Amino acid sequence: VRRGVVRGIEETTRAIQKAMKDAERIAGVEVGTVYCGIGGEHVAGQTSTGVVSVTGGEIRTGDVARVNDVASSVPLGKEHELLHAIPQDYLVDMQPGISEPIGMTGSRLDAQVYLVTVLSSVPQNLRKCVEGAGYHVAEFVLEPLAASLAVLTADERELGCALVELGGGSTNVAIFQGGKIRHTGSLLISGSHVTNDIVHGLQVTQQDAERLKERSGAAWEALVPESDVVELPGSPGQGGRSAHRQVLAHIMRMRLQETLEFALDEITRAGYHQRLPAGVILTGGGSQVPGIVELGREVFAMPVRVGKPGQGLTGLTDSVESPRSTVVSGLALY
């Protein structure tokens with residue numbers, strides 16, 4: 001799987017099968033149905049409006065369902081399909097800012113709905129892999145939406161915040177305000193770019209770069225003592241080598257700073273710059289790097305914290321209390 005898209009059906013099927021068998025064995029549960037996260041730059045979001053006239057003067061569940069359907073029936077073209085239709089706000093007789101119109105009196109009901117669309121081939125290939133592994137897909141869920149269930153507080157959603165998920169395959173940005181998701185976007189830069197920079201900068205293999213990143217990496221050079229040295233794996237041509245840990249931190253900081261700057265551009269483009277009192281919540285594997293909060297505060301100039309799942313979950317929660325398990329924990333809560 002690269003950048004949220006399946007690149008090899010057989011290998012992905014094998015990986016799903018192995019992961020699910022391990023999970024079933026540990027939990028002592030047999031699973032038939034799975035919820036599947038979906039993300040990447042093929043995901044798009046748009047706001048759509050719909051209007052219906054209310055029958056009988058009082059707004060009922062059927063009226064709300066009708067207006068949501070009207071707002072959701074937008075031509076998407078052959079290649080795209082609708083993933084979520086998330087109601088944002090309702091207007092009753094042109095009065096805005098109503099989140100729950102059922103039971104109110106009025107003759108006209110407007111709805112603003114946020115539509116999340118995906119490239120049709122992406123869920124189709126993912127479904128093929130899951131079914132090949134012997135499971136049934138209950139639903140595809142937008143990854144930032146799942147992640148938000150695991151790490152955001154009710155106050156953060158209400159006040160306004162941005163969730164930036166620094167994944168290995170893609171970086172996703174989701175903006176919440178008034179308790180609802182308002183915008184979603186995906187960046188072309190991800191954790192794999194950081195690994196590639198280490199490969200070129202320190203002349204090591206992909207595997208060794210990943211290990212260096214996890215064990216000795218940092219996103220803020222000032223946090224690394226000048227005397228710290230990391231041992232680099234020797235190669236037949238070079239023998240044993242070492243490098244200052246600050247060099248590794250510098251390589252990582254440059255790429256992570258660029259990633260966060262792209263995320264800020266996405267927030268600004270959506271019209272939420274300096275309109276998010278609850279600040280930015282970083283999550284995903286990339287947010288585990290020491291110094292990422294300091295770097296985030298410098299780039300965003302707002303409050304920044306790292307979101308870890310674990311609230312609302314029981315059982316073996318210590319194994320998922322790391323930012324890299326945010327999406328899967330969120331899918332379980334979903």
# chains A, B, ... in the order shown; residues from 1 in each chain; ligands from 1
call {"tool": "closest_atom_pairs", "arguments": {"of": "stretch 148-199 of chain A", "to": "stretch 300-318 of chain A", "cutoff": "10 Å", "atoms": "only C-alpha atoms", "output": "CSV"}}
result
residue,atom,partner,partner_atom,distance
A:Ser148,CA,A:Gly307,CA,9.2
A:Leu149,CA,A:Pro309,CA,8.8
A:Ala150,CA,A:Pro309,CA,5.0
A:Val151,CA,A:Gly307,CA,5.2
A:Leu152,CA,A:Gly307,CA,7.4
A:Thr153,CA,A:Gln311,CA,9.8
A:Cys161,CA,A:Pro303,CA,9.6
A:Ala162,CA,A:Val304,CA,9.7
A:Leu163,CA,A:Gly307,CA,8.8
A:Val164,CA,A:Val306,CA,9.7
A:Glu165,CA,A:Gly307,CA,9.5
call {"tool": "select_by_dssp", "arguments": {"residues": "stretch 65-237 of chain A", "states": "helix (DSSP H, G or I)", "output": "number ranges by chain"}}
result
A: 65-72, 121-132, 143-151, 154-159, 191-202, 206-216, 221-223
call {"tool": "residues_around", "arguments": {"residues": "stretch 261-273 of chain A", "least_positions_apart": "2", "cutoff": "9 Å", "atoms": "only C-alpha atoms", "output": "list in words"}}
result
Gly160, Ala162, Val164, Thr171, Asn172, Val173, Ala174, Ile175, Arg182, His183, Thr184, Gly185, Ser186, Leu187, Ile189, Leu256, Gln257, Glu258, Thr259, Arg275, Leu276, Val299 and Phe300 of chain A
call {"tool": "atom_distance", "arguments": {"atom1": "atom CA of A:Met252", "atom2": "atom CA of A:Ser227"}}
result
18.4 Å
call {"tool": "select_by_dssp", "arguments": {"residues": "stretch 199-315 of chain A", "states": "strand (DSSP E or B)", "output": "list in words"}}
result
Val229, Val230, Glu231, Leu232, Pro233, Gly234, Ser235, Gly239, Gly240, Arg241, Ser242, Ala243, His244, Val280, Ile281, Leu282, Thr283, Val304, Arg305, Val306, Gly310 and Gly312 of chain A
call {"tool": "write_last_selection", "arguments": {"atoms": "C-alpha atoms", "output": "compact mmCIF listing (two decimals), in the first residue's frame"}}
result
# COMPACT_ATOMS: atom_id res chain seq x y z
CA VAL A 229 26.66 10.04 18.33
CA VAL A 230 24.75 7.30 16.49
CA GLU A 231 26.45 4.20 15.12
CA LEU A 232 25.68 3.70 11.43
CA PRO A 233 25.58 0.19 9.95
CA GLY A 234 28.83 -0.61 8.18
CA SER A 235 28.95 -1.61 4.52
CA GLY A 239 33.34 -0.36 7.22
CA GLY A 240 31.98 0.88 10.57
CA ARG A 241 30.76 4.50 10.66
CA SER A 242 29.14 6.95 13.03
CA ALA A 243 27.41 10.33 12.75
CA HIS A 244 26.37 13.09 15.13
CA VAL A 280 -3.51 21.72 16.31
CA ILE A 281 -3.52 18.08 17.41
CA LEU A 282 -0.78 15.98 15.82
CA THR A 283 -1.22 12.23 15.54
CA VAL A 304 -0.05 22.12 19.66
CA ARG A 305 -0.33 18.75 21.38
CA VAL A 306 0.20 15.12 20.41
CA GLY A 310 -6.82 5.24 24.87
CA GLY A 312 -13.03 5.38 25.84
call {"tool": "residues_around", "arguments": {"residues": "stretch 215-223 of chain A", "least_positions_apart": "4", "cutoff": "6 Å", "atoms": "only C-alpha atoms", "output": "PyMOL selection string"}}
result
chain A and resi 246+249+252-253+289-292
call {"tool": "write_last_selection", "arguments": {"atoms": "C-alpha atoms", "output": "compact mmCIF listing (two decimals), in the first residue's frame"}}
result
# COMPACT_ATOMS: atom_id res chain seq x y z
CA GLN A 246 22.24 16.36 15.52
CA ALA A 249 17.81 15.54 13.73
CA MET A 252 14.38 15.03 9.90
CA ARG A 253 13.52 18.56 10.99
CA VAL A 289 9.30 12.01 17.10
CA PRO A 290 10.77 13.93 20.08
CA GLY A 291 10.60 17.70 19.48
CA ILE A 292 7.60 17.58 17.12
call {"tool": "closest_residue", "arguments": {"among": "A:Phe140, A:Tyr90, A:Phe176, A:Tyr334", "to": "A:Met104", "atoms": "only C-alpha atoms"}}
result
A:Tyr90
call {"tool": "residues_around", "arguments": {"residues": "A:Lys21", "least_positions_apart": "3", "cutoff": "12 Å", "atoms": "only C-alpha atoms", "output": "list of chain:residue names"}}
result
A:Arg14, A:Ala15, A:Ile16, A:Gln17, A:Lys18, A:Glu24, A:Arg25, A:Ile26, A:Ala27, A:Gly28, A:Val29, A:Glu30, A:Val31, A:Gly32, A:Ala133, A:Gly134, A:Tyr135
call {"tool": "write_last_selection", "arguments": {"atoms": "N, CA, C and O atoms", "output": "short mmCIF file (atom, residue, chain, number, x, y, z; two decimals), in the first residue's frame"}}
result
data_model
loop_
_atom_site.label_atom_id
_atom_site.label_comp_id
_atom_site.auth_asym_id
_atom_site.auth_seq_id
_atom_site.Cartn_x
_atom_site.Cartn_y
_atom_site.Cartn_z
N ARG A 14 -2.34 -10.87 1.87
CA ARG A 14 -1.56 -11.67 2.83
C ARG A 14 -1.37 -10.91 4.14
O ARG A 14 -1.50 -11.48 5.23
N ALA A 15 -1.07 -9.60 4.04
CA ALA A 15 -0.83 -8.79 5.24
C ALA A 15 -2.10 -8.70 6.09
O ALA A 15 -2.05 -8.82 7.32
N ILE A 16 -3.26 -8.50 5.43
CA ILE A 16 -4.53 -8.41 6.16
C ILE A 16 -4.81 -9.74 6.88
O ILE A 16 -5.18 -9.77 8.05
N GLN A 17 -4.58 -10.83 6.13
CA GLN A 17 -4.85 -12.15 6.69
C GLN A 17 -4.02 -12.40 7.94
O GLN A 17 -4.53 -12.82 8.98
N LYS A 18 -2.73 -12.08 7.87
CA LYS A 18 -1.82 -12.31 9.00
C LYS A 18 -2.21 -11.44 10.19
O LYS A 18 -2.33 -11.92 11.33
N GLU A 24 -7.29 -11.99 16.09
CA GLU A 24 -8.33 -12.92 16.52
C GLU A 24 -7.81 -13.87 17.60
O GLU A 24 -8.51 -14.16 18.57
N ARG A 25 -6.55 -14.30 17.43
CA ARG A 25 -5.96 -15.23 18.40
C ARG A 25 -5.81 -14.55 19.77
O ARG A 25 -6.17 -15.09 20.80
N ILE A 26 -5.28 -13.30 19.76
CA ILE A 26 -5.06 -12.57 21.02
C ILE A 26 -6.40 -12.28 21.71
O ILE A 26 -6.54 -12.41 22.92
N ALA A 27 -7.41 -11.88 20.92
CA ALA A 27 -8.69 -11.47 21.50
C ALA A 27 -9.60 -12.67 21.80
O ALA A 27 -10.55 -12.55 22.58
N GLY A 28 -9.29 -13.82 21.20
CA GLY A 28 -10.15 -14.99 21.38
C GLY A 28 -11.52 -14.79 20.75
O GLY A 28 -12.53 -15.25 21.25
N VAL A 29 -11.54 -14.05 19.63
CA VAL A 29 -12.80 -13.72 18.96
C VAL A 29 -12.68 -14.05 17.48
O VAL A 29 -11.63 -13.86 16.90
N GLU A 30 -13.77 -14.57 16.91
CA GLU A 30 -13.76 -14.78 15.46
C GLU A 30 -14.43 -13.60 14.78
O GLU A 30 -15.52 -13.19 15.18
N VAL A 31 -13.80 -13.05 13.77
CA VAL A 31 -14.31 -11.84 13.11
C VAL A 31 -14.82 -12.18 11.72
O VAL A 31 -14.17 -12.94 10.99
N GLY A 32 -15.98 -11.63 11.37
CA GLY A 32 -16.48 -11.84 10.01
C GLY A 32 -16.46 -10.55 9.21
O GLY A 32 -16.26 -10.54 8.00
N ALA A 133 -8.92 -12.07 1.79
CA ALA A 133 -8.40 -12.56 3.07
C ALA A 133 -9.48 -13.30 3.86
O ALA A 133 -9.21 -13.86 4.92
N GLY A 134 -10.73 -13.29 3.34
CA GLY A 134 -11.80 -14.06 3.97
C GLY A 134 -12.71 -13.25 4.88
O GLY A 134 -13.36 -13.81 5.76
N TYR A 135 -12.75 -11.93 4.70
CA TYR A 135 -13.60 -11.09 5.56
C TYR A 135 -14.55 -10.27 4.70
O TYR A 135 -14.36 -10.14 3.50
#
call {"tool": "closest_residue", "arguments": {"among": "A:Gly50, A:Pro144, A:Gly279, A:Gly40", "to": "A:Gly330", "atoms": "only C-alpha atoms"}}
result
A:Pro144
call {"tool": "closest_residue", "arguments": {"among": "A:Val122, A:Leu115, A:Leu91, A:Ala85", "to": "A:Ile9", "atoms": "only C-alpha atoms"}}
result
A:Val122
call {"tool": "residues_around", "arguments": {"residues": "A:Arg60", "least_positions_apart": "5", "cutoff": "9 Å", "atoms": "only C-alpha atoms", "output": "ChimeraX atom specification"}}
result
/A:54-55,65,101-104
call {"tool": "write_last_selection", "arguments": {"atoms": "all heavy atoms", "output": "PDB file, in the first residue's frame"}}
result
ATOM      1  N   VAL A  54     -41.524  21.759   4.054  1.00  0.00           N
ATOM      2  CA  VAL A  54     -41.926  20.898   5.168  1.00  0.00           C
ATOM      3  C   VAL A  54     -43.411  20.585   5.051  1.00  0.00           C
ATOM      4  O   VAL A  54     -44.235  21.480   4.874  1.00  0.00           O
ATOM      5  CB  VAL A  54     -41.621  21.597   6.510  1.00  0.00           C
ATOM      6  CG1 VAL A  54     -42.088  20.728   7.684  1.00  0.00           C
ATOM      7  CG2 VAL A  54     -40.138  21.898   6.624  1.00  0.00           C
ATOM      8  N   THR A  55     -43.756  19.289   5.157  1.00  0.00           N
ATOM      9  CA  THR A  55     -45.172  18.903   5.090  1.00  0.00           C
ATOM     10  C   THR A  55     -45.732  18.893   6.509  1.00  0.00           C
ATOM     11  O   THR A  55     -45.132  18.312   7.405  1.00  0.00           O
ATOM     12  CB  THR A  55     -45.313  17.501   4.467  1.00  0.00           C
ATOM     13  OG1 THR A  55     -44.359  16.641   5.095  1.00  0.00           O
ATOM     14  CG2 THR A  55     -45.027  17.520   2.987  1.00  0.00           C
ATOM     15  N   ALA A  65     -34.280  13.611   6.590  1.00  0.00           N
ATOM     16  CA  ALA A  65     -33.691  12.608   5.688  1.00  0.00           C
ATOM     17  C   ALA A  65     -33.828  13.058   4.234  1.00  0.00           C
ATOM     18  O   ALA A  65     -32.887  12.923   3.434  1.00  0.00           O
ATOM     19  CB  ALA A  65     -34.377  11.256   5.889  1.00  0.00           C
ATOM     20  N   PRO A 101     -32.939  20.163  13.854  1.00  0.00           N
ATOM     21  CA  PRO A 101     -34.217  20.814  13.515  1.00  0.00           C
ATOM     22  C   PRO A 101     -35.473  20.000  13.831  1.00  0.00           C
ATOM     23  O   PRO A 101     -36.577  20.544  13.753  1.00  0.00           O
ATOM     24  CB  PRO A 101     -34.101  21.045  12.008  1.00  0.00           C
ATOM     25  CG  PRO A 101     -33.201  19.953  11.542  1.00  0.00           C
ATOM     26  CD  PRO A 101     -32.279  19.608  12.668  1.00  0.00           C
ATOM     27  N   ILE A 102     -35.317  18.718  14.210  1.00  0.00           N
ATOM     28  CA  ILE A 102     -36.502  17.861  14.400  1.00  0.00           C
ATOM     29  C   ILE A 102     -37.379  18.432  15.518  1.00  0.00           C
ATOM     30  O   ILE A 102     -36.896  18.783  16.593  1.00  0.00           O
ATOM     31  CB  ILE A 102     -36.083  16.410  14.719  1.00  0.00           C
ATOM     32  CG1 ILE A 102     -35.405  15.798  13.483  1.00  0.00           C
ATOM     33  CG2 ILE A 102     -37.281  15.551  15.124  1.00  0.00           C
ATOM     34  CD1 ILE A 102     -34.739  14.480  13.716  1.00  0.00           C
ATOM     35  N   GLY A 103     -38.697  18.535  15.237  1.00  0.00           N
ATOM     36  CA  GLY A 103     -39.644  19.047  16.233  1.00  0.00           C
ATOM     37  C   GLY A 103     -39.898  20.542  16.115  1.00  0.00           C
ATOM     38  O   GLY A 103     -40.817  21.072  16.745  1.00  0.00           O
ATOM     39  N   MET A 104     -39.088  21.246  15.310  1.00  0.00           N
ATOM     40  CA  MET A 104     -39.288  22.687  15.157  1.00  0.00           C
ATOM     41  C   MET A 104     -40.411  22.956  14.152  1.00  0.00           C
ATOM     42  O   MET A 104     -40.732  22.116  13.307  1.00  0.00           O
ATOM     43  CB  MET A 104     -37.993  23.360  14.694  1.00  0.00           C
ATOM     44  CG  MET A 104     -36.876  23.278  15.734  1.00  0.00           C
ATOM     45  SD  MET A 104     -35.348  24.052  15.186  1.00  0.00           S
ATOM     46  CE  MET A 104     -35.683  25.755  15.572  1.00  0.00           C
TER      47      MET A 104
END
